[in-house]
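my_file_3.cif (mmCIF, C-alpha atoms)
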```cif
data_query
#
loop_
_atom_site.group_PDB
_atom_site.id
_atom_site.type_symbol
_atom_site.label_atom_id
_atom_site.label_comp_id
_atom_site.auth_asym_id
_atom_site.auth_seq_id
_atom_site.Cartn_x
_atom_site.Cartn_y
_atom_site.Cartn_z
ATOM 1 C CA MET H 1 -21.880 11.318 18.644
ATOM 2 C CA LYS H 2 -22.341 12.593 15.122
ATOM 3 C CA GLU H 3 -22.529 16.334 14.548
ATOM 4 C CA PRO H 4 -25.500 17.593 12.511
ATOM 5 C CA GLN H 5 -24.638 17.578 8.816
ATOM 6 C CA ARG H 6 -24.060 20.954 7.256
ATOM 7 C CA TYR H 7 -22.150 22.125 4.219
ATOM 8 C CA SER H 8 -24.655 20.799 1.698
ATOM 9 C CA SER H 9 -22.720 22.195 -1.279
ATOM 10 C CA LEU H 10 -19.662 20.208 -0.225
ATOM 11 C CA LYS H 11 -21.636 16.976 -0.346
ATOM 12 C CA MET H 12 -23.230 17.941 -3.671
ATOM 13 C CA ALA H 13 -19.859 18.743 -5.251
ATOM 14 C CA MET H 14 -18.474 15.380 -4.123
ATOM 15 C CA GLN H 15 -21.534 13.527 -5.412
ATOM 16 C CA ARG H 16 -21.028 15.205 -8.800
ATOM 17 C CA GLN H 17 -17.404 14.020 -8.837
ATOM 18 C CA ASP H 18 -18.628 10.534 -7.913
ATOM 19 C CA SER H 19 -21.058 10.396 -10.818
ATOM 20 C CA LYS H 20 -18.225 11.044 -13.288
ATOM 21 C CA SER H 21 -16.355 7.833 -12.436
ATOM 22 C CA LYS H 22 -17.973 4.432 -12.169
ATOM 23 C CA LEU H 23 -16.496 1.001 -11.624
ATOM 24 C CA SER H 24 -16.348 -1.271 -14.648
ATOM 25 C CA THR H 25 -19.295 -3.675 -14.879
ATOM 26 C CA ASN H 26 -17.146 -6.814 -14.558
ATOM 27 C CA PHE H 27 -15.322 -5.558 -11.461
ATOM 28 C CA THR H 28 -16.616 -8.294 -9.124
ATOM 29 C CA PHE H 29 -15.814 -11.033 -11.643
ATOM 30 C CA ALA H 30 -12.305 -9.659 -12.295
ATOM 31 C CA THR H 31 -11.610 -9.259 -8.570
ATOM 32 C CA MET H 32 -12.786 -12.781 -7.755
ATOM 33 C CA GLN H 33 -10.634 -14.152 -10.590
ATOM 34 C CA ARG H 34 -7.568 -12.294 -9.255
ATOM 35 C CA LEU H 35 -8.383 -13.554 -5.773
ATOM 36 C CA ARG H 36 -8.583 -17.158 -6.966
ATOM 37 C CA GLU H 37 -5.292 -16.800 -8.868
ATOM 38 C CA ALA H 38 -3.582 -15.280 -5.816
ATOM 39 C CA ALA H 39 -4.929 -18.046 -3.560
ATOM 40 C CA ALA H 40 -3.791 -20.753 -6.007
ATOM 41 C CA ALA H 41 -0.315 -19.202 -6.274
ATOM 42 C CA ARG H 42 -0.091 -19.046 -2.469
ATOM 43 C CA GLU H 43 -1.133 -22.689 -2.174
ATOM 44 C CA ARG H 44 1.435 -23.734 -4.789
ATOM 45 C CA ARG H 45 4.125 -21.806 -2.882
ATOM 46 C CA GLU H 46 3.109 -23.397 0.429
ATOM 47 C CA ASN H 47 3.109 -26.876 -1.137
ATOM 48 C CA ARG H 48 6.577 -26.300 -2.605
ATOM 49 C CA ILE H 49 7.884 -25.187 0.807
ATOM 50 C CA MET H 50 6.283 -28.245 2.461
ATOM 51 C CA PHE H 51 7.841 -30.550 -0.143
ATOM 52 C CA LEU H 52 11.294 -29.033 0.323
ATOM 53 C CA MET H 53 10.931 -29.297 4.104
ATOM 54 C CA ALA H 54 9.923 -32.969 3.795
ATOM 55 C CA VAL H 55 12.929 -33.677 1.544
ATOM 56 C CA ALA H 56 15.244 -31.882 3.996
ATOM 57 C CA ALA H 57 13.778 -33.785 6.963
ATOM 58 C CA SER H 58 14.142 -37.108 5.104
ATOM 59 C CA LEU H 59 17.763 -36.386 4.238
ATOM 60 C CA LEU H 60 18.445 -35.439 7.837
ATOM 61 C CA MET H 61 16.836 -38.655 9.118
ATOM 62 C CA ILE H 62 18.769 -40.781 6.617
ATOM 63 C CA THR H 63 22.013 -39.073 7.636
ATOM 64 C CA VAL H 64 21.300 -39.507 11.349
ATOM 65 C CA GLY H 65 20.264 -43.128 10.747
ATOM 66 C CA ALA H 66 23.443 -43.828 8.788
ATOM 67 C CA CYS H 67 25.524 -42.219 11.524
ATOM 68 C CA ILE H 68 23.937 -44.534 14.089
ATOM 69 C CA ILE H 69 23.909 -47.737 12.067
ATOM 70 C CA ALA H 70 27.409 -47.434 10.570
ATOM 71 C CA PRO H 71 29.278 -47.647 13.918
ATOM 72 C CA MET H 72 26.956 -50.470 15.003
ATOM 73 C CA ILE H 73 27.845 -52.510 11.912
ATOM 74 C CA GLU H 74 31.487 -51.783 12.480
ATOM 75 C CA ASN H 75 31.379 -52.618 16.205
ATOM 76 C CA TYR H 76 29.217 -55.740 16.116
ATOM 77 C CA THR H 77 30.701 -56.971 12.787
ATOM 78 C CA PHE H 78 27.505 -58.137 11.157
ATOM 79 C CA SER H 79 26.377 -57.257 7.653
ATOM 80 C CA LEU H 80 22.872 -56.034 6.734
ATOM 81 C CA PRO H 81 22.170 -58.851 4.202
ATOM 82 C CA GLU H 82 22.981 -61.397 6.906
ATOM 83 C CA PHE H 83 20.747 -59.513 9.351
ATOM 84 C CA ALA H 84 17.887 -59.452 6.789
ATOM 85 C CA ARG H 85 18.211 -63.220 6.245
ATOM 86 C CA GLY H 86 17.843 -63.696 9.966
ATOM 87 C CA VAL H 87 14.397 -62.041 10.018
ATOM 88 C CA SER H 88 11.631 -64.627 9.721
ATOM 89 C CA ILE H 89 8.061 -63.873 8.532
ATOM 90 C CA ASP H 90 6.482 -65.163 11.745
ATOM 91 C CA SER H 91 8.766 -63.215 14.027
ATOM 92 C CA GLU H 92 7.130 -61.226 16.863
ATOM 93 C CA GLU H 93 8.570 -57.884 15.699
ATOM 94 C CA LEU H 94 6.769 -58.184 12.364
ATOM 95 C CA GLY H 95 3.469 -58.557 14.251
ATOM 96 C CA ILE H 96 4.122 -55.223 15.886
ATOM 97 C CA TYR H 97 5.442 -53.283 12.890
ATOM 98 C CA LEU H 98 3.042 -54.546 10.210
ATOM 99 C CA PRO H 99 -0.085 -52.781 11.665
ATOM 100 C CA PHE H 100 1.950 -49.583 11.946
ATOM 101 C CA PHE H 101 2.995 -49.903 8.317
ATOM 102 C CA ALA H 102 -0.616 -50.571 7.242
ATOM 103 C CA ALA H 103 -1.840 -47.543 9.239
ATOM 104 C CA PHE H 104 0.817 -45.386 7.606
ATOM 105 C CA MET H 105 -0.238 -46.517 4.122
ATOM 106 C CA LEU H 106 -3.916 -45.804 4.947
ATOM 107 C CA MET H 107 -3.051 -42.324 6.182
ATOM 108 C CA LEU H 108 -1.046 -41.693 3.030
ATOM 109 C CA LEU H 109 -4.004 -42.742 0.843
ATOM 110 C CA LEU H 110 -6.382 -40.576 2.892
ATOM 111 C CA ASP H 111 -4.050 -37.611 2.551
ATOM 112 C CA ILE H 112 -3.883 -38.025 -1.244
ATOM 113 C CA LYS H 113 -7.684 -38.353 -1.454
ATOM 114 C CA LEU H 114 -8.342 -35.265 0.718
ATOM 115 C CA ARG H 115 -5.855 -33.203 -1.273
ATOM 116 C CA SER H 116 -7.567 -34.127 -4.548
ATOM 117 C CA ILE H 117 -11.016 -33.240 -3.075
ATOM 118 C CA GLN H 118 -9.679 -29.885 -1.860
ATOM 119 C CA ARG H 119 -8.143 -29.165 -5.275
ATOM 120 C CA LYS H 120 -11.417 -30.000 -7.061
ATOM 121 C CA LYS H 121 -13.428 -27.795 -4.690
ATOM 122 C CA PHE H 122 -11.004 -24.900 -5.083
ATOM 123 C CA ASN H 123 -11.097 -25.070 -8.883
ATOM 124 C CA GLU H 124 -14.903 -24.798 -8.852
ATOM 125 C CA MET X 1 -22.364 -5.813 11.518
ATOM 126 C CA LYS X 2 -25.247 -7.940 10.245
ATOM 127 C CA ARG X 3 -25.544 -11.468 11.561
ATOM 128 C CA ASP X 4 -25.672 -13.033 8.088
ATOM 129 C CA GLU X 5 -22.433 -11.244 7.134
ATOM 130 C CA ARG X 6 -20.770 -12.745 10.175
ATOM 131 C CA GLU X 7 -21.940 -16.167 9.007
ATOM 132 C CA ILE X 8 -20.630 -15.491 5.494
ATOM 133 C CA ILE X 9 -17.203 -14.554 6.888
ATOM 134 C CA LYS X 10 -17.094 -17.796 8.871
ATOM 135 C CA GLU X 11 -18.036 -19.752 5.738
ATOM 136 C CA ILE X 12 -15.307 -17.986 3.715
ATOM 137 C CA LEU X 13 -12.751 -18.826 6.388
ATOM 138 C CA ARG X 14 -13.877 -22.463 6.138
ATOM 139 C CA GLY X 15 -12.882 -22.406 2.469
ATOM 140 C CA GLU X 16 -15.997 -21.154 0.643
ATOM 141 C CA THR X 17 -13.997 -18.550 -1.293
ATOM 142 C CA HIS X 18 -16.783 -17.785 -3.805
ATOM 143 C CA LEU X 19 -18.926 -16.233 -1.018
ATOM 144 C CA TYR X 20 -16.468 -13.345 -0.834
ATOM 145 C CA ALA X 21 -18.177 -11.996 -3.984
ATOM 146 C CA HIS X 22 -20.980 -10.818 -1.660
ATOM 147 C CA PHE X 23 -18.620 -8.323 0.011
ATOM 148 C CA VAL X 24 -17.083 -7.249 -3.298
ATOM 149 C CA GLU X 25 -20.576 -6.589 -4.730
ATOM 150 C CA ARG X 26 -21.762 -4.744 -1.645
ATOM 151 C CA TYR X 27 -18.804 -2.521 -0.811
ATOM 152 C CA SER X 28 -16.909 -2.052 -4.089
ATOM 153 C CA GLU X 29 -18.696 1.185 -5.100
ATOM 154 C CA ALA X 30 -18.130 2.796 -1.684
ATOM 155 C CA VAL X 31 -14.467 1.768 -1.534
ATOM 156 C CA PHE X 32 -13.979 2.919 -5.134
ATOM 157 C CA SER X 33 -15.552 6.281 -4.275
ATOM 158 C CA LEU X 34 -13.141 6.823 -1.352
ATOM 159 C CA VAL X 35 -10.116 5.736 -3.404
ATOM 160 C CA THR X 36 -11.144 7.857 -6.422
ATOM 161 C CA HIS X 37 -11.569 10.941 -4.276
ATOM 162 C CA MET X 38 -8.193 10.354 -2.675
ATOM 163 C CA ILE X 39 -6.226 9.535 -5.832
ATOM 164 C CA ASN X 40 -7.998 11.567 -8.561
ATOM 165 C CA CYS X 41 -7.375 8.936 -11.259
ATOM 166 C CA ARG X 42 -10.085 6.477 -12.285
ATOM 167 C CA GLU X 43 -7.836 3.714 -13.739
ATOM 168 C CA ASP X 44 -5.467 3.634 -10.765
ATOM 169 C CA ALA X 45 -8.423 3.827 -8.401
ATOM 170 C CA GLU X 46 -9.954 0.658 -9.867
ATOM 171 C CA GLU X 47 -6.683 -1.235 -9.487
ATOM 172 C CA ILE X 48 -6.236 -0.019 -5.913
ATOM 173 C CA THR X 49 -9.844 -0.998 -5.134
ATOM 174 C CA GLN X 50 -9.035 -4.527 -6.328
ATOM 175 C CA ASP X 51 -5.892 -4.567 -4.164
ATOM 176 C CA VAL X 52 -8.009 -3.484 -1.187
ATOM 177 C CA PHE X 53 -10.340 -6.465 -1.603
ATOM 178 C CA LEU X 54 -7.405 -8.860 -2.041
ATOM 179 C CA LYS X 55 -5.720 -7.528 1.100
ATOM 180 C CA ALA X 56 -8.992 -7.732 3.021
ATOM 181 C CA TYR X 57 -9.396 -11.368 1.928
ATOM 182 C CA GLU X 58 -5.870 -12.231 3.066
ATOM 183 C CA LYS X 59 -6.437 -10.544 6.437
ATOM 184 C CA LEU X 60 -9.997 -11.837 6.889
ATOM 185 C CA SER X 61 -8.970 -14.298 9.614
ATOM 186 C CA SER X 62 -7.735 -11.357 11.734
ATOM 187 C CA PHE X 63 -11.048 -9.465 11.395
ATOM 188 C CA ASN X 64 -13.049 -9.184 14.609
ATOM 189 C CA VAL X 65 -16.578 -10.282 13.643
ATOM 190 C CA GLU X 66 -18.115 -8.142 16.386
ATOM 191 C CA SER X 67 -16.871 -4.904 14.792
ATOM 192 C CA SER X 68 -17.979 -3.109 11.633
ATOM 193 C CA PHE X 69 -16.808 -4.743 8.402
ATOM 194 C CA SER X 70 -17.160 -1.543 6.375
ATOM 195 C CA THR X 71 -15.019 0.486 8.823
ATOM 196 C CA TRP X 72 -12.361 -2.243 8.750
ATOM 197 C CA LEU X 73 -12.473 -2.351 4.946
ATOM 198 C CA TYR X 74 -12.308 1.453 4.702
ATOM 199 C CA ARG X 75 -9.227 1.438 6.927
ATOM 200 C CA ILE X 76 -7.501 -1.004 4.539
ATOM 201 C CA ALA X 77 -8.615 1.167 1.593
ATOM 202 C CA TYR X 78 -7.287 4.331 3.240
ATOM 203 C CA ASN X 79 -3.896 2.765 4.088
ATOM 204 C CA THR X 80 -3.529 1.111 0.668
ATOM 205 C CA THR X 81 -4.257 4.404 -1.126
ATOM 206 C CA ILE X 82 -1.858 6.370 1.077
ATOM 207 C CA SER X 83 0.859 3.758 0.320
ATOM 208 C CA ALA X 84 0.123 3.981 -3.428
ATOM 209 C CA LEU X 85 0.284 7.776 -3.297
ATOM 210 C CA ARG X 86 3.772 7.693 -1.730
ATOM 211 C CA LYS X 87 5.074 6.323 -5.046
ATOM 212 C CA ARG X 88 3.706 9.204 -7.138
ATOM 213 C CA PRO X 89 4.042 13.002 -7.001
ATOM 214 C CA CYS X 90 1.118 14.823 -5.407
ATOM 215 C CA ASN X 91 -0.113 18.182 -6.716
ATOM 216 C CA SER X 92 -1.875 19.515 -3.636
ATOM 217 C CA VAL X 93 -1.975 23.194 -2.683
ATOM 218 C CA ALA X 94 -0.595 24.277 0.694
ATOM 219 C CA ILE X 95 -1.937 27.340 2.513
ATOM 220 C CA ALA X 96 -0.045 28.995 5.360
ATOM 221 C CA ASP X 97 -1.376 28.424 8.898
ATOM 222 C CA ASP X 98 -1.721 32.134 9.686
ATOM 223 C CA ILE X 99 -3.892 32.704 6.589
ATOM 224 C CA LEU X 100 -6.137 29.811 7.629
ATOM 225 C CA ALA X 101 -6.329 31.151 11.192
ATOM 226 C CA ASP X 102 -7.347 34.599 9.929
ATOM 227 C CA THR X 103 -10.195 33.203 7.808
ATOM 228 C CA ASP X 104 -13.641 33.980 9.215
ATOM 229 C CA ASP X 105 -15.667 30.836 10.090
ATOM 230 C CA THR X 106 -18.988 32.554 9.312
ATOM 231 C CA LEU X 107 -17.905 33.253 5.747
ATOM 232 C CA VAL X 108 -16.752 29.648 5.338
ATOM 233 C CA ASP X 109 -20.093 28.332 6.639
ATOM 234 C CA GLU X 110 -22.108 30.691 4.433
ATOM 235 C CA THR X 111 -20.159 29.780 1.302
ATOM 236 C CA LEU X 112 -20.206 26.029 1.873
ATOM 237 C CA ASN X 113 -23.928 26.079 2.651
ATOM 238 C CA SER X 114 -24.996 28.080 -0.372
ATOM 239 C CA THR X 115 -25.772 26.456 -3.717
ATOM 240 C CA GLY X 116 -25.366 27.408 -7.343
ATOM 241 C CA GLU X 117 -23.780 25.905 -10.423
ATOM 242 C CA LYS X 118 -20.752 28.213 -10.395
ATOM 243 C CA LEU X 119 -20.025 27.556 -6.731
ATOM 244 C CA LEU X 120 -20.279 23.791 -7.240
ATOM 245 C CA GLN X 121 -17.888 23.936 -10.187
ATOM 246 C CA ARG X 122 -15.389 25.960 -8.147
ATOM 247 C CA LEU X 123 -15.835 23.666 -5.194
ATOM 248 C CA GLU X 124 -15.140 20.614 -7.363
ATOM 249 C CA ARG X 125 -11.906 22.216 -8.563
ATOM 250 C CA ALA X 126 -11.006 23.227 -4.989
ATOM 251 C CA ILE X 127 -11.556 19.669 -3.720
ATOM 252 C CA SER X 128 -9.175 18.337 -6.380
ATOM 253 C CA MET X 129 -6.493 20.725 -5.021
ATOM 254 C CA LEU X 130 -6.608 19.202 -1.514
ATOM 255 C CA ASP X 131 -4.121 16.560 -0.443
ATOM 256 C CA ALA X 132 -5.136 12.894 -0.173
ATOM 257 C CA GLU X 133 -5.690 12.917 3.590
ATOM 258 C CA GLU X 134 -7.891 16.015 3.421
ATOM 259 C CA ARG X 135 -9.916 14.522 0.570
ATOM 260 C CA ALA X 136 -10.337 11.292 2.554
ATOM 261 C CA LEU X 137 -11.590 13.194 5.595
ATOM 262 C CA VAL X 138 -14.066 15.215 3.537
ATOM 263 C CA THR X 139 -15.272 12.068 1.730
ATOM 264 C CA LEU X 140 -15.759 10.075 4.907
ATOM 265 C CA TYR X 141 -17.357 12.806 6.984
ATOM 266 C CA HIS X 142 -19.298 14.913 4.486
ATOM 267 C CA LEU X 143 -20.067 12.473 1.667
ATOM 268 C CA GLU X 144 -20.325 9.131 3.470
ATOM 269 C CA GLU X 145 -21.725 10.875 6.573
ATOM 270 C CA ARG X 146 -19.618 8.805 8.930
ATOM 271 C CA SER X 147 -19.184 9.957 12.497
ATOM 272 C CA ILE X 148 -16.041 11.646 13.796
ATOM 273 C CA ALA X 149 -15.256 8.472 15.766
ATOM 274 C CA GLU X 150 -15.544 6.255 12.682
ATOM 275 C CA THR X 151 -13.546 8.711 10.567
ATOM 276 C CA ALA X 152 -10.835 8.684 13.231
ATOM 277 C CA GLN X 153 -10.841 4.877 13.336
ATOM 278 C CA ILE X 154 -10.475 4.644 9.552
ATOM 279 C CA THR X 155 -7.715 7.235 9.206
ATOM 280 C CA GLY X 156 -5.897 6.277 12.396
ATOM 281 C CA LEU X 157 -6.089 9.859 13.700
ATOM 282 C CA LYS X 158 -7.340 11.040 17.078
ATOM 283 C CA GLU X 159 -10.939 12.331 17.141
ATOM 284 C CA SER X 160 -9.775 15.807 18.158
ATOM 285 C CA ASN X 161 -7.291 15.770 15.306
ATOM 286 C CA VAL X 162 -10.017 14.796 12.809
ATOM 287 C CA LYS X 163 -12.174 17.733 13.966
ATOM 288 C CA VAL X 164 -9.276 20.184 13.641
ATOM 289 C CA LYS X 165 -8.263 18.862 10.218
ATOM 290 C CA LEU X 166 -11.863 19.002 8.925
ATOM 291 C CA HIS X 167 -12.192 22.574 10.167
ATOM 292 C CA ARG X 168 -8.946 23.596 8.461
ATOM 293 C CA THR X 169 -9.901 21.770 5.257
ATOM 294 C CA ARG X 170 -13.208 23.661 5.023
ATOM 295 C CA LYS X 171 -11.316 26.941 5.466
ATOM 296 C CA LYS X 172 -8.851 25.865 2.796
ATOM 297 C CA LEU X 173 -11.721 25.038 0.427
ATOM 298 C CA TYR X 174 -13.249 28.454 1.038
ATOM 299 C CA LEU X 175 -9.928 30.169 0.254
ATOM 300 C CA LEU X 176 -9.455 28.071 -2.889
ATOM 301 C CA ILE X 177 -12.981 29.023 -4.062
ATOM 302 C CA LYS X 178 -12.293 32.715 -3.417
ATOM 303 C CA GLU X 179 -9.023 32.422 -5.354
ATOM 304 C CA GLN X 180 -10.958 31.220 -8.407
ATOM 305 C CA GLU X 181 -13.327 34.217 -8.205
ATOM 306 C CA ILE X 182 -10.466 36.652 -8.744
#
```
Any chance you could put this one into structure tokens?
Amino acid sequence: MKEPQRYSSLKMAMQRQDSKSKLSTNFTFATMQRLREAAAARERRENRIMFLMAVAASLLMITVGACIIAPMIENYTFSLPEFARGVSIDSEELGIYLPFFAAFMLMLLLDIKLRSIQRKKFNE
Amino acid sequence: MKRDEREIIKEILRGETHLYAHFVERYSEAVFSLVTHMINCREDAEEITQDVFLKAYEKLSSFNVESSFSTWLYRIAYNTTISALRKRPCNSVAIADDILADTDDTLVDETLNSTGEKLLQRLERAISMLDAEERALVTLYHLEERSIAETAQITGLKESNVKVKLHRTRKKLYLLIKEQEI
């Protein structure tokens, strides 16, 4: 519970000190500008980290893939161009993988679109 | 906290950054007043006030919407100013504990309750001789008229500690005024 206020001169002296210093008139504008700049810099930093992580993950997957495929090629003695020639357009596997590939491309387009909308909104 | 402010915070967290200007407009003068009293330098105070609002924006997701926004913001302001003050020399005056203990409370009360131009001038000078924590306590409790509980929450001190420190600060102010009379 709050004690009754006393020491009126103390409050008056502080109010007098207050009246001597005022915030600049464009304070809100300047603060919001700094805030937007800080947020944009943070987003750029996060995007850079995400990009580097994606590159690292891709390299890792390629390396792992190569480590798996290389012994297979060596063991089963078939070459990739020969294997590719063996794949026909109407094969059953293509029927399974093509929708996945299409879905992936759609998701990629959606991601690009959403990112551009977010960027436009942020710049406003 | 007002219901519409809670809604504004939710909107900001959803990405409506521009709505944060509402809080800057509403609380900037009060935060600036606390920082100015603590730091005694207008230019630095304005920069620290900006830092306070940037920090508050970054931490907004951790703010509990059921509690007071101004108390939360004041706590950030207090901590930011204390951190800024660590990097610069402080010219506060220290008074020995036994001298403070020997000072009569009635005289302190009478002096700090009387008015007059000379007294106010001396009091202003005396306030500027306090350290940052003492100035923050006096600003929050006597100028902003916040409760002991709120003052304790903002400064991170115990309520009993706030009461003791305020009592000692008033005695110190009285002694600093008397020193100027000589």
Task: Answer key for the PyMOL selection byres ((chain H) within 10 of (chain X)), residues as JSON, numbers by chain - done: {"H": [1, 2, 3, 4, 5, 6, 7, 8, 9, 10, 11, 12, 13, 14, 15, 16, 17, 18, 19, 20, 21, 22, 23, 24, 27, 28, 29, 30, 31, 32, 33, 34, 35, 36, 38, 39, 118, 121, 122, 124]}
Task: Interatomic distance (Å, one decimal) between CA of Thr106 in chain X and CA of Glu179 in chain X - done: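 So the answer is 17.7 Å.
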Check which residues satisfy the PyMOL selection byres ((chain X and resi 9) around 9) in the file shown, then give them as a PDB file with C-alpha atoms, keeping the file's coordinate frame.
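Result went into expr.pdb, see below:
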```pdb
ATOM      1  CA  ASP X   4     -25.672 -13.033   8.088  1.00  0.00           C
ATOM      2  CA  GLU X   5     -22.433 -11.244   7.134  1.00  0.00           C
ATOM      3  CA  ARG X   6     -20.770 -12.745  10.175  1.00  0.00           C
ATOM      4  CA  GLU X   7     -21.940 -16.167   9.007  1.00  0.00           C
ATOM      5  CA  ILE X   8     -20.630 -15.491   5.494  1.00  0.00           C
ATOM      6  CA  LYS X  10     -17.094 -17.796   8.871  1.00  0.00           C
ATOM      7  CA  GLU X  11     -18.036 -19.752   5.738  1.00  0.00           C
ATOM      8  CA  ILE X  12     -15.307 -17.986   3.715  1.00  0.00           C
ATOM      9  CA  LEU X  13     -12.751 -18.826   6.388  1.00  0.00           C
ATOM     10  CA  ARG X  14     -13.877 -22.463   6.138  1.00  0.00           C
ATOM     11  CA  LEU X  19     -18.926 -16.233  -1.018  1.00  0.00           C
ATOM     12  CA  TYR X  20     -16.468 -13.345  -0.834  1.00  0.00           C
ATOM     13  CA  LEU X  60      -9.997 -11.837   6.889  1.00  0.00           C
ATOM     14  CA  SER X  61      -8.970 -14.298   9.614  1.00  0.00           C
ATOM     15  CA  VAL X  65     -16.578 -10.282  13.643  1.00  0.00           C
TER      16      VAL X  65
END
```
Find the smallest box with edges along x, y and z containing every listed atom of range 44-49 of chain H, then add 4 Å on each side and report centre and edge lengths in Å to one decimal, as AutoDock Vina command-line options.
```
--center_x 4.7 --center_y -24.3 --center_z -2.0 --size_x 14.4 --size_y 13.1 --size_z 13.6
```
TODO: Work out how far apart CA of Leu98 in chain H and CA of Leu60 in chain H are and give it in Å to one decimal.
DONE: 24.7 Å
Open item on the list: To one decimal place in Å, what is the distance between CA of Ser67 in chain X and CA of Gln153 in chain X?
Closed with: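 Those two atoms sit 11.6 Å apart.
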Task: Picked residues, the PyMOL selection byres ((chain X and resi 93-98) around 10), expected as number ranges by chain - done: X: 90-92, 99-103, 126, 128-131, 168, 171-172, 175-176
TODO: Give the answer as one residue: which of X:Ile154, X:Leu107, X:Ile177, X:Val164 has the shortest atom-to-atom distance to Ser70 in chain X, using only C-alpha atoms?
DONE: X:Ile154
Open item on the list: Using only C-alpha atoms, can you tell me which of X:Ile48, X:Gln180, X:Thr80, X:Arg75 comes closest to Leu157 in chain X?
Closed with: X:Arg75
